[in-house]
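Structure file protein.pdb (PDB, C-alpha atoms) follows.
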MODEL        1
ATOM      1  CA  MET Y   1       3.863  13.961  29.723
ATOM      2  CA  ASN Y   2       3.031  10.254  29.922
ATOM      3  CA  SER Y   3       3.737   9.648  26.257
ATOM      4  CA  ILE Y   4       4.774   6.004  26.384
ATOM      5  CA  LYS Y   5       1.159   4.772  26.035
ATOM      6  CA  PHE Y   6       0.820   6.807  22.834
ATOM      7  CA  LEU Y   7       4.009   5.215  21.525
ATOM      8  CA  TYR Y   8       2.650   1.736  22.277
ATOM      9  CA  ALA Y   9      -0.713   2.658  20.751
ATOM     10  CA  ALA Y  10       0.925   3.830  17.511
ATOM     11  CA  TYR Y  11       3.103   0.736  17.144
ATOM     12  CA  ILE Y  12       0.232  -1.632  17.977
ATOM     13  CA  ALA Y  13      -2.081   0.216  15.546
ATOM     14  CA  THR Y  14       0.522  -0.077  12.777
ATOM     15  CA  TRP Y  15       0.874  -3.840  13.169
ATOM     16  CA  LEU Y  16      -2.865  -4.269  13.628
ATOM     17  CA  ILE Y  17      -3.485  -2.575  10.249
ATOM     18  CA  HIS Y  18      -0.871  -4.781   8.550
ATOM     19  CA  ALA Y  19      -2.219  -7.921  10.258
ATOM     20  CA  LEU Y  20      -5.772  -7.084   9.152
ATOM     21  CA  TYR Y  21      -4.607  -6.613   5.581
ATOM     22  CA  LEU Y  22      -2.634  -9.866   5.628
ATOM     23  CA  GLY Y  23      -5.683 -11.653   7.069
ATOM     24  CA  THR Y  24      -7.856 -10.259   4.261
ATOM     25  CA  MET Y  25      -5.348 -11.484   1.664
ATOM     26  CA  VAL Y  26      -5.179 -14.983   3.174
ATOM     27  CA  ARG Y  27      -9.013 -15.185   3.236
ATOM     28  CA  ARG Y  28      -9.267 -14.059  -0.405
ATOM     29  CA  TYR Y  29      -6.548 -16.490  -1.429
ATOM     30  CA  SER Y  30      -8.212 -19.507   0.207
ATOM     31  CA  ARG Y  31     -11.623 -18.534  -1.288
ATOM     32  CA  LEU Y  32     -10.125 -18.248  -4.781
ATOM     33  CA  ARG Y  33      -8.209 -21.523  -4.446
ATOM     34  CA  LYS Y  34     -11.457 -23.248  -3.481
ATOM     35  CA  LEU Y  35     -13.304 -21.629  -6.398
ATOM     36  CA  ARG Y  36     -10.611 -22.666  -8.878
ATOM     37  CA  LYS Y  37     -10.639 -26.216  -7.529
ATOM     38  CA  ASN Y  38     -14.443 -26.382  -7.949
ATOM     39  CA  LEU Y  39     -14.187 -25.010 -11.484
ATOM     40  CA  ASP Y  40     -11.563 -27.651 -12.367
ATOM     41  CA  ILE Y  41     -13.814 -30.419 -10.975
ATOM     42  CA  ASP Y  42     -16.827 -29.100 -12.926
ATOM     43  CA  ARG Y  43     -14.827 -29.049 -16.149
ATOM     44  CA  LYS Y  44     -13.680 -32.634 -15.656
TER      45      LYS Y  44
ATOM     46  CA  MET I   1      10.587 -18.402  -7.221
ATOM     47  CA  LYS I   2       8.587 -20.398  -4.691
ATOM     48  CA  ARG I   3      11.689 -20.719  -2.511
ATOM     49  CA  VAL I   4      12.674 -17.064  -2.801
ATOM     50  CA  PHE I   5       9.480 -15.739  -1.204
ATOM     51  CA  PRO I   6       9.840 -17.540   2.184
ATOM     52  CA  ILE I   7      13.533 -16.631   2.370
ATOM     53  CA  LEU I   8      12.731 -12.975   1.680
ATOM     54  CA  ALA I   9       9.879 -13.132   4.209
ATOM     55  CA  VAL I  10      12.216 -14.401   6.942
ATOM     56  CA  LEU I  11      14.857 -11.787   6.093
ATOM     57  CA  THR I  12      12.258  -9.023   6.105
ATOM     58  CA  GLY I  13      10.907 -10.254   9.450
ATOM     59  CA  LEU I  14      14.399 -10.113  10.930
ATOM     60  CA  LEU I  15      14.990  -6.663   9.463
ATOM     61  CA  LEU I  16      11.682  -5.389  10.873
ATOM     62  CA  ALA I  17      12.565  -6.807  14.309
ATOM     63  CA  TYR I  18      15.987  -5.143  14.154
ATOM     64  CA  ALA I  19      14.424  -1.851  13.022
ATOM     65  CA  PHE I  20      11.962  -2.053  15.942
ATOM     66  CA  TYR I  21      14.832  -2.669  18.378
ATOM     67  CA  GLU I  22      16.727   0.326  16.973
ATOM     68  CA  ALA I  23      13.663   2.562  17.181
ATOM     69  CA  ILE I  24      12.832   1.686  20.777
ATOM     70  CA  TRP I  25      16.208   1.089  22.433
ATOM     71  CA  VAL I  26      18.979   2.551  20.289
ATOM     72  CA  ALA I  27      17.638   5.859  18.945
ATOM     73  CA  PRO I  28      18.305   8.740  21.358
ATOM     74  CA  MET I  29      15.347  10.241  23.184
ATOM     75  CA  GLU I  30      14.157  13.567  21.828
ATOM     76  CA  ARG I  31      14.476  16.285  24.499
ATOM     77  CA  THR I  32      11.093  18.033  24.259
ATOM     78  CA  MET I  33       8.751  15.254  23.110
ATOM     79  CA  GLY I  34      10.253  12.283  24.923
ATOM     80  CA  ASP I  35       9.335   8.737  23.933
ATOM     81  CA  VAL I  36       6.359   9.743  21.777
ATOM     82  CA  GLN I  37       8.812  11.069  19.178
ATOM     83  CA  ARG I  38       9.700   7.412  18.423
ATOM     84  CA  ILE I  39       6.379   7.170  16.534
ATOM     85  CA  PHE I  40       8.321   9.085  13.872
ATOM     86  CA  TYR I  41      10.238   5.845  13.037
ATOM     87  CA  TYR I  42       7.003   4.190  11.915
ATOM     88  CA  HIS I  43       5.100   7.240  10.671
ATOM     89  CA  VAL I  44       7.696   8.701   8.285
ATOM     90  CA  PRO I  45       8.880   5.412   6.659
ATOM     91  CA  SER I  46       5.227   4.429   6.135
ATOM     92  CA  ALA I  47       4.599   7.755   4.392
ATOM     93  CA  TRP I  48       7.655   7.389   2.152
ATOM     94  CA  THR I  49       6.663   3.806   1.306
ATOM     95  CA  ALA I  50       3.120   4.913   0.449
ATOM     96  CA  PHE I  51       4.510   7.653  -1.838
ATOM     97  CA  LEU I  52       6.766   5.110  -3.523
ATOM     98  CA  LEU I  53       3.839   2.744  -4.126
ATOM     99  CA  PHE I  54       1.672   5.556  -5.514
ATOM    100  CA  PHE I  55       4.536   6.438  -7.859
ATOM    101  CA  VAL I  56       4.650   2.788  -9.024
ATOM    102  CA  ASN I  57       0.883   3.016  -9.517
ATOM    103  CA  LEU I  58       1.341   6.134 -11.670
ATOM    104  CA  VAL I  59       4.032   4.524 -13.853
ATOM    105  CA  ALA I  60       2.010   1.305 -14.251
ATOM    106  CA  SER I  61      -1.139   3.293 -15.130
ATOM    107  CA  VAL I  62       0.689   5.298 -17.797
ATOM    108  CA  ILE I  63       2.156   2.079 -19.258
ATOM    109  CA  TYR I  64      -1.317   0.552 -19.265
ATOM    110  CA  LEU I  65      -2.806   3.561 -21.079
ATOM    111  CA  ILE I  66      -0.068   3.444 -23.731
ATOM    112  CA  ARG I  67       0.374  -0.301 -24.241
ATOM    113  CA  LYS I  68      -2.828  -1.865 -22.781
ATOM    114  CA  ASN I  69      -0.594  -4.271 -20.931
ATOM    115  CA  ALA I  70      -2.408  -6.563 -18.450
ATOM    116  CA  LYS I  71       0.639  -6.907 -16.233
ATOM    117  CA  ALA I  72       0.898  -3.124 -15.891
ATOM    118  CA  ASP I  73      -2.796  -3.019 -14.995
ATOM    119  CA  ALA I  74      -2.271  -5.672 -12.292
ATOM    120  CA  VAL I  75       0.770  -3.817 -10.903
ATOM    121  CA  ALA I  76      -1.322  -0.612 -10.774
ATOM    122  CA  VAL I  77      -4.076  -2.286  -8.714
ATOM    123  CA  VAL I  78      -1.583  -3.954  -6.385
ATOM    124  CA  SER I  79       0.500  -0.833  -5.738
ATOM    125  CA  ALA I  80      -2.608   1.271  -5.080
ATOM    126  CA  GLU I  81      -3.976  -1.251  -2.581
ATOM    127  CA  VAL I  82      -0.727  -1.713  -0.654
ATOM    128  CA  GLY I  83      -0.155   2.062  -0.849
ATOM    129  CA  VAL I  84      -3.541   2.671   0.772
ATOM    130  CA  VAL I  85      -2.576   0.301   3.622
ATOM    131  CA  PHE I  86       0.612   2.289   4.287
ATOM    132  CA  CYS I  87      -1.219   5.600   3.921
ATOM    133  CA  THR I  88      -3.743   4.338   6.522
ATOM    134  CA  VAL I  89      -0.833   3.704   8.909
ATOM    135  CA  VAL I  90       0.299   7.308   8.340
ATOM    136  CA  LEU I  91      -3.184   8.688   9.026
ATOM    137  CA  VAL I  92      -3.544   6.607  12.207
ATOM    138  CA  THR I  93      -0.076   7.096  13.720
ATOM    139  CA  GLY I  94      -0.068  10.846  12.950
ATOM    140  CA  PRO I  95      -2.995  11.733  15.249
ATOM    141  CA  ILE I  96      -1.668   9.368  17.961
ATOM    142  CA  TRP I  97       1.558  11.418  17.903
ATOM    143  CA  ALA I  98      -0.320  14.738  17.679
ATOM    144  CA  ARG I  99      -2.516  14.179  20.756
ATOM    145  CA  PRO I 100       0.266  14.359  23.394
ATOM    146  CA  VAL I 101       2.414  16.845  21.416
ATOM    147  CA  TRP I 102      -0.166  19.310  20.041
ATOM    148  CA  GLY I 103      -2.943  18.531  22.502
ATOM    149  CA  ILE I 104      -5.346  17.680  19.662
ATOM    150  CA  TRP I 105      -5.893  14.587  17.522
ATOM    151  CA  TRP I 106      -6.429  16.406  14.240
ATOM    152  CA  THR I 107      -6.288  19.834  12.667
ATOM    153  CA  TRP I 108      -7.217  20.899   9.130
ATOM    154  CA  ASP I 109      -3.608  21.716   8.411
ATOM    155  CA  LEU I 110      -2.488  21.623   4.743
ATOM    156  CA  ARG I 111      -0.212  18.565   5.171
ATOM    157  CA  LEU I 112      -2.832  16.578   7.066
ATOM    158  CA  THR I 113      -5.673  17.550   4.757
ATOM    159  CA  THR I 114      -3.801  16.772   1.535
ATOM    160  CA  THR I 115      -2.763  13.389   2.984
ATOM    161  CA  LEU I 116      -6.394  12.618   3.817
ATOM    162  CA  VAL I 117      -7.406  13.665   0.280
ATOM    163  CA  LEU I 118      -4.667  11.424  -1.146
ATOM    164  CA  TRP I 119      -6.005   8.476   0.862
ATOM    165  CA  LEU I 120      -9.572   9.213  -0.293
ATOM    166  CA  ILE I 121      -8.490   9.384  -3.963
ATOM    167  CA  TYR I 122      -6.817   5.965  -3.809
ATOM    168  CA  VAL I 123      -9.700   4.449  -1.825
ATOM    169  CA  SER I 124     -12.036   5.683  -4.582
ATOM    170  CA  TYR I 125      -9.630   4.174  -7.140
ATOM    171  CA  LEU I 126      -9.921   0.796  -5.389
ATOM    172  CA  MET I 127     -13.712   1.115  -5.142
ATOM    173  CA  LEU I 128     -13.876   1.839  -8.866
ATOM    174  CA  ARG I 129     -11.797  -1.292  -9.534
ATOM    175  CA  ARG I 130     -13.912  -3.368  -7.163
ATOM    176  CA  PHE I 131     -17.451  -2.347  -8.085
ATOM    177  CA  SER I 132     -17.370  -1.372 -11.762
ATOM    178  CA  ASP I 133     -18.046  -4.130 -14.308
ATOM    179  CA  SER I 134     -17.381  -2.065 -17.404
ATOM    180  CA  SER I 135     -14.611  -3.076 -19.790
ATOM    181  CA  GLN I 136     -13.527   0.569 -19.632
ATOM    182  CA  THR I 137     -12.763   0.347 -15.907
ATOM    183  CA  PRO I 138      -8.975  -0.194 -16.197
ATOM    184  CA  LYS I 139      -8.736   2.822 -18.502
ATOM    185  CA  LEU I 140     -10.843   5.026 -16.206
ATOM    186  CA  ALA I 141      -8.887   3.826 -13.175
ATOM    187  CA  ALA I 142      -5.584   4.594 -14.916
ATOM    188  CA  VAL I 143      -6.742   8.162 -15.607
ATOM    189  CA  LEU I 144      -7.906   8.533 -11.996
ATOM    190  CA  ALA I 145      -4.507   7.242 -10.845
ATOM    191  CA  ILE I 146      -2.747   9.971 -12.829
ATOM    192  CA  PHE I 147      -4.889  12.640 -11.161
ATOM    193  CA  GLY I 148      -4.343  10.983  -7.775
ATOM    194  CA  ALA I 149      -0.584  11.035  -8.233
ATOM    195  CA  LEU I 150      -0.738  14.828  -8.694
ATOM    196  CA  ASP I 151      -1.628  15.053  -4.996
ATOM    197  CA  VAL I 152       1.601  13.309  -3.907
ATOM    198  CA  PRO I 153       3.945  16.279  -4.586
ATOM    199  CA  LEU I 154       1.316  18.570  -3.048
ATOM    200  CA  VAL I 155       1.446  16.485   0.159
ATOM    201  CA  TYR I 156       5.232  16.334   0.158
ATOM    202  CA  PHE I 157       5.926  20.000  -0.563
ATOM    203  CA  SER I 158       3.045  21.425   1.498
ATOM    204  CA  ILE I 159       5.374  21.841   4.483
ATOM    205  CA  TRP I 160       8.117  23.359   2.351
ATOM    206  CA  PHE I 161       6.156  26.159   0.782
ATOM    207  CA  PHE I 162       3.352  26.838   3.258
ATOM    208  CA  ARG I 163       3.313  27.573   6.955
ATOM    209  CA  THR I 164       1.755  24.521   8.588
ATOM    210  CA  GLN I 165       1.517  23.022  12.054
ATOM    211  CA  HIS I 166       3.167  19.820  10.842
ATOM    212  CA  PRO I 167       6.904  19.568  11.691
ATOM    213  CA  GLN I 168       9.332  20.644   8.989
ATOM    214  CA  PRO I 169      11.022  17.983   6.826
ATOM    215  CA  VAL I 170      13.979  16.315   8.526
ATOM    216  CA  ILE I 171      15.865  15.753   5.276
ATOM    217  CA  GLY I 172      16.235  18.836   3.085
ATOM    218  CA  GLY I 173      13.915  21.812   3.425
ATOM    219  CA  GLY I 174      16.046  23.396   6.161
ATOM    220  CA  GLY I 175      15.347  20.729   8.783
ATOM    221  CA  SER I 176      17.993  18.890  10.765
ATOM    222  CA  ILE I 177      18.204  15.559  12.565
ATOM    223  CA  ASP I 178      20.653  13.791  14.863
ATOM    224  CA  PRO I 179      22.735  11.365  12.728
ATOM    225  CA  ARG I 180      21.789   8.454  15.052
ATOM    226  CA  MET I 181      18.105   9.243  14.534
ATOM    227  CA  LEU I 182      18.624   9.455  10.775
ATOM    228  CA  HIS I 183      20.321   6.039  10.829
ATOM    229  CA  VAL I 184      17.349   4.471  12.680
ATOM    230  CA  LEU I 185      14.907   6.232  10.357
ATOM    231  CA  LEU I 186      16.632   4.837   7.250
ATOM    232  CA  ILE I 187      16.772   1.300   8.698
ATOM    233  CA  ASN I 188      13.046   1.467   9.387
ATOM    234  CA  TRP I 189      12.392   2.758   5.883
ATOM    235  CA  LEU I 190      14.399  -0.093   4.395
ATOM    236  CA  ALA I 191      12.503  -2.610   6.556
ATOM    237  CA  PHE I 192       9.086  -1.177   5.616
ATOM    238  CA  SER I 193      10.046  -0.994   1.936
ATOM    239  CA  CYS I 194      11.016  -4.689   1.967
ATOM    240  CA  PHE I 195       7.750  -5.489   3.752
ATOM    241  CA  ALA I 196       5.794  -3.481   1.152
ATOM    242  CA  PHE I 197       7.597  -5.331  -1.635
ATOM    243  CA  LEU I 198       6.635  -8.699  -0.118
ATOM    244  CA  LEU I 199       3.023  -7.616   0.386
ATOM    245  CA  SER I 200       2.901  -6.416  -3.225
ATOM    246  CA  TRP I 201       4.373  -9.671  -4.497
ATOM    247  CA  ALA I 202       1.801 -11.758  -2.603
ATOM    248  CA  ARG I 203      -1.012  -9.441  -3.730
ATOM    249  CA  TYR I 204       0.184  -9.647  -7.354
ATOM    250  CA  ARG I 205      -0.084 -13.443  -7.254
ATOM    251  CA  LEU I 206      -3.527 -13.097  -5.734
ATOM    252  CA  GLU I 207      -4.532 -10.701  -8.514
ATOM    253  CA  TRP I 208      -3.541 -13.222 -11.194
ATOM    254  CA  LEU I 209      -5.347 -16.027  -9.393
ATOM    255  CA  GLN I 210      -8.463 -13.845  -9.265
ATOM    256  CA  ARG I 211      -8.213 -13.098 -12.984
ATOM    257  CA  GLU I 212      -7.765 -16.797 -13.770
ATOM    258  CA  VAL I 213     -10.832 -17.706 -11.729
ATOM    259  CA  GLU I 214     -12.920 -14.946 -13.330
ATOM    260  CA  GLU I 215     -11.836 -16.064 -16.793
ATOM    261  CA  ALA I 216     -12.656 -19.687 -15.960
ATOM    262  CA  GLN I 217     -16.069 -18.641 -14.609
ATOM    263  CA  ALA I 218     -16.812 -16.663 -17.763
ATOM    264  CA  LEU I 219     -15.849 -19.679 -19.872
ATOM    265  CA  GLU I 220     -17.968 -21.948 -17.699
ATOM    266  CA  SER I 221     -21.022 -19.737 -18.051
ATOM    267  CA  LEU I 222     -20.560 -19.578 -21.834
ATOM    268  CA  LEU I 223     -20.348 -23.368 -22.064
ATOM    269  CA  GLY I 224     -23.250 -23.707 -19.622
ATOM    270  CA  ASP I 225     -25.425 -21.547 -21.881
ATOM    271  CA  GLY I 226     -24.886 -24.015 -24.699
ATOM    272  CA  LEU I 227     -22.845 -21.633 -26.784
ATOM    273  CA  ALA I 228     -19.808 -22.615 -28.704
ATOM    274  CA  ALA I 229     -16.557 -22.539 -26.807
ATOM    275  CA  PRO I 230     -14.899 -19.137 -27.180
ATOM    276  CA  THR I 231     -11.983 -18.887 -29.509
ATOM    277  CA  ARG I 232     -10.100 -16.714 -27.043
ATOM    278  CA  ALA I 233      -7.130 -18.451 -25.518
ATOM    279  CA  PRO I 234      -7.036 -19.173 -21.795
ATOM    280  CA  LEU I 235      -5.438 -16.508 -19.654
ATOM    281  CA  ASP I 236      -1.962 -15.940 -20.922
ATOM    282  CA  LYS I 237       0.127 -14.037 -18.424
ATOM    283  CA  THR I 238       2.334 -12.564 -21.104
ATOM    284  CA  SER I 239      -0.442 -11.340 -23.339
ATOM    285  CA  SER I 240      -1.713  -7.801 -23.490
ATOM    286  CA  ARG I 241      -5.367  -7.588 -22.673
ATOM    287  CA  THR I 242      -7.890  -5.601 -20.735
ATOM    288  CA  GLY I 243      -8.495  -8.386 -18.228
ATOM    289  CA  PRO I 244     -11.430  -9.027 -15.948
ATOM    290  CA  GLN I 245     -11.892  -6.704 -13.007
TER     291      GLN I 245
ENDMDL
END

For the file at hand, write its structure as structure tokens.
Amino acid sequence: MNSIKFLYAAYIATWLIHALYLGTMVRRYSRLRKLRKNLDIDRK
Amino acid sequence: MKRVFPILAVLTGLLLAYAFYEAIWVAPMERTMGDVQRIFYYHVPSAWTAFLLFFVNLVASVIYLIRKNAKADAVAVVSAEVGVVFCTVVLVTGPIWARPVWGIWWTWDLRLTTTLVLWLIYVSYLMLRRFSDSSQTPKLAAVLAIFGALDVPLVYFSIWFFRTQHPQPVIGGGGSIDPRMLHVLLINWLAFSCFAFLLSWARYRLEWLQREVEEAQALESLLGDGLAAPTRAPLDKTSSRTGPQ
């Protein structure tokens, strides 16, 4: 049974899912920071 | 607090690297399955972490229903979202393990099916939070979270009380495990729990930032419409309120 490729696949998939989620969070954070900055400028 | 987060992030990174090393090079090879059994060191800790996060979601939802506390509401959203990420890892790594061991990717076994249902419940919870504009949304979501949490013991005990294809529990339930494997399993669980805590912390800050922006936008649109400035105070993180979605 050549199972090593399945082991690699599972570990890569795990970190890919976490990396995707982290990427989503970073994108949301930068969008919200920009929005808040614009709102502060508008208020001034 | 700003200094604590990077320190914890570095420590968690080191712990995850150590846990990976233990899982690949230190844990003994299982006789019948071979290397593919090492998926267990990512699959099981991810499942336990997801259960823990869904439990946090349940507690936060109950607190929100009783006290209408905005912090509890934010913790509920955060724990559900991070829990879904870990549950996704479980649902992806499980079939990758099953293919070489069972010869199939998926079977409608009770453990697998209840886990998929659990994932679907919390995805629907997040969709409700994301797409509903009603002021009743946090309350509805909290009730949904309580029903969702009922599935967690069903998932956990499905292999105790029913005959399923899924392997028996390694801790309790009559199962057994090599002490070296148990050690590696617990290190990986600790590492993934720390990682989940960090993710939740970052997501919690993001949640508050989002609420601040939404509150500021609402204020802006009120002022833009030529109405009087609202008497409501700016977002106070300690106050109890329903909060924007």

Pull the closest atom pair for each residue of chain Y that gets at most 6 Å from chain I, along with the distance in Å to one decimal, counting only C-alpha atoms, ordering rows by chain and then ascending residue number, as CSV.
residue,atom,partner,partner_atom,distance
Y:Ser3,CA,I:Val36,CA,5.2
Y:Ile4,CA,I:Asp35,CA,5.9
Y:Leu7,CA,I:Val36,CA,5.1
Y:Ala10,CA,I:Thr93,CA,5.1
Y:Thr14,CA,I:Val89,CA,5.6
Y:Arg36,CA,I:Val213,CA,5.7

CA of Asn57 (chain I) to CA of Ile17 (chain Y): how many Å, to one decimal?
->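 Separating CA of Asn57 (chain I) from CA of Ile17 (chain Y) is a distance of 21.0 Å.
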
Calculate how many Å separate CA of Cys194 (chain I) from CA of Met181 (chain I), rounding to one decimal.
->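 Distance between the two atoms: 20.1 Å.
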
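The spacing separating CA of Lys71 (chain I) from CA of Ala145 (chain I) amounts to 16.0 Å.
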
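Under the PyMOL selection byres ((chain I and resi 187-190) around 9), the matching residues in the shown file are Leu15, Leu16, Tyr18, Ala19, Phe20, Glu22, Ala23, Tyr41, Tyr42, Val44, Pro45, Ser46, Trp48, Thr49, Leu182, His183, Val184, Leu185, Leu186, Ala191, Phe192, Ser193, Cys194 and Phe195 of chain I.
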
What lies within 10 Å of Val123 (chain I) using only C-alpha atoms, ignoring chain neighbours under 4 positions off, as number ranges by chain?
-> I: 80-81, 83-85, 117-119, 127-129

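Taking only C-alpha atoms into account, Pro138 (chain I) lies nearest to I:Lys68 out of the set I:Arg163, I:Lys2, I:Lys68, I:Arg31.
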
Need the axis-aligned box for region 15-29 of chain Y with 8 Å each side, so what are the centre and edges in Å to one decimal, as JSON?
{"center_x": -4.2, "center_y": -9.5, "center_z": 6.1, "size_x": 26.1, "size_y": 29.9, "size_z": 31.1}

Selected residue, from I:Val10, I:Ile121, I:Tyr156, I:Glu215, that lies nearest to Gln168 (chain I) when counting all atoms listed in the file = I:Tyr156

Exercise: residues within 6 Å of coordinate (-10.6, 4.6, -9.1), counting all atoms listed in the file, as a VMD selection string | chain I and resid 124 to 126 128 141 144

Matched chain/residue IDs from the PyMOL selection byres ((chain I and resi 150) around 12), as a PyMOL selection string = chain I and resi 51+54-55+57-58+114-115+117-118+121-122+143-149+151-157

Since we have the selection now, will you write its residues out, keeping C-alpha atoms, as an mmCIF file, in the coordinates of the input?
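New file again.cif:
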data_model
loop_
_atom_site.group_PDB
_atom_site.id
_atom_site.type_symbol
_atom_site.label_atom_id
_atom_site.label_comp_id
_atom_site.auth_asym_id
_atom_site.auth_seq_id
_atom_site.Cartn_x
_atom_site.Cartn_y
_atom_site.Cartn_z
ATOM 1 C CA PHE I 51 4.510 7.653 -1.838
ATOM 2 C CA PHE I 54 1.672 5.556 -5.514
ATOM 3 C CA PHE I 55 4.536 6.438 -7.859
ATOM 4 C CA ASN I 57 0.883 3.016 -9.517
ATOM 5 C CA LEU I 58 1.341 6.134 -11.670
ATOM 6 C CA THR I 114 -3.801 16.772 1.535
ATOM 7 C CA THR I 115 -2.763 13.389 2.984
ATOM 8 C CA VAL I 117 -7.406 13.665 0.280
ATOM 9 C CA LEU I 118 -4.667 11.424 -1.146
ATOM 10 C CA ILE I 121 -8.490 9.384 -3.963
ATOM 11 C CA TYR I 122 -6.817 5.965 -3.809
ATOM 12 C CA VAL I 143 -6.742 8.162 -15.607
ATOM 13 C CA LEU I 144 -7.906 8.533 -11.996
ATOM 14 C CA ALA I 145 -4.507 7.242 -10.845
ATOM 15 C CA ILE I 146 -2.747 9.971 -12.829
ATOM 16 C CA PHE I 147 -4.889 12.640 -11.161
ATOM 17 C CA GLY I 148 -4.343 10.983 -7.775
ATOM 18 C CA ALA I 149 -0.584 11.035 -8.233
ATOM 19 C CA ASP I 151 -1.628 15.053 -4.996
ATOM 20 C CA VAL I 152 1.601 13.309 -3.907
ATOM 21 C CA PRO I 153 3.945 16.279 -4.586
ATOM 22 C CA LEU I 154 1.316 18.570 -3.048
ATOM 23 C CA VAL I 155 1.446 16.485 0.159
ATOM 24 C CA TYR I 156 5.232 16.334 0.158
ATOM 25 C CA PHE I 157 5.926 20.000 -0.563
#
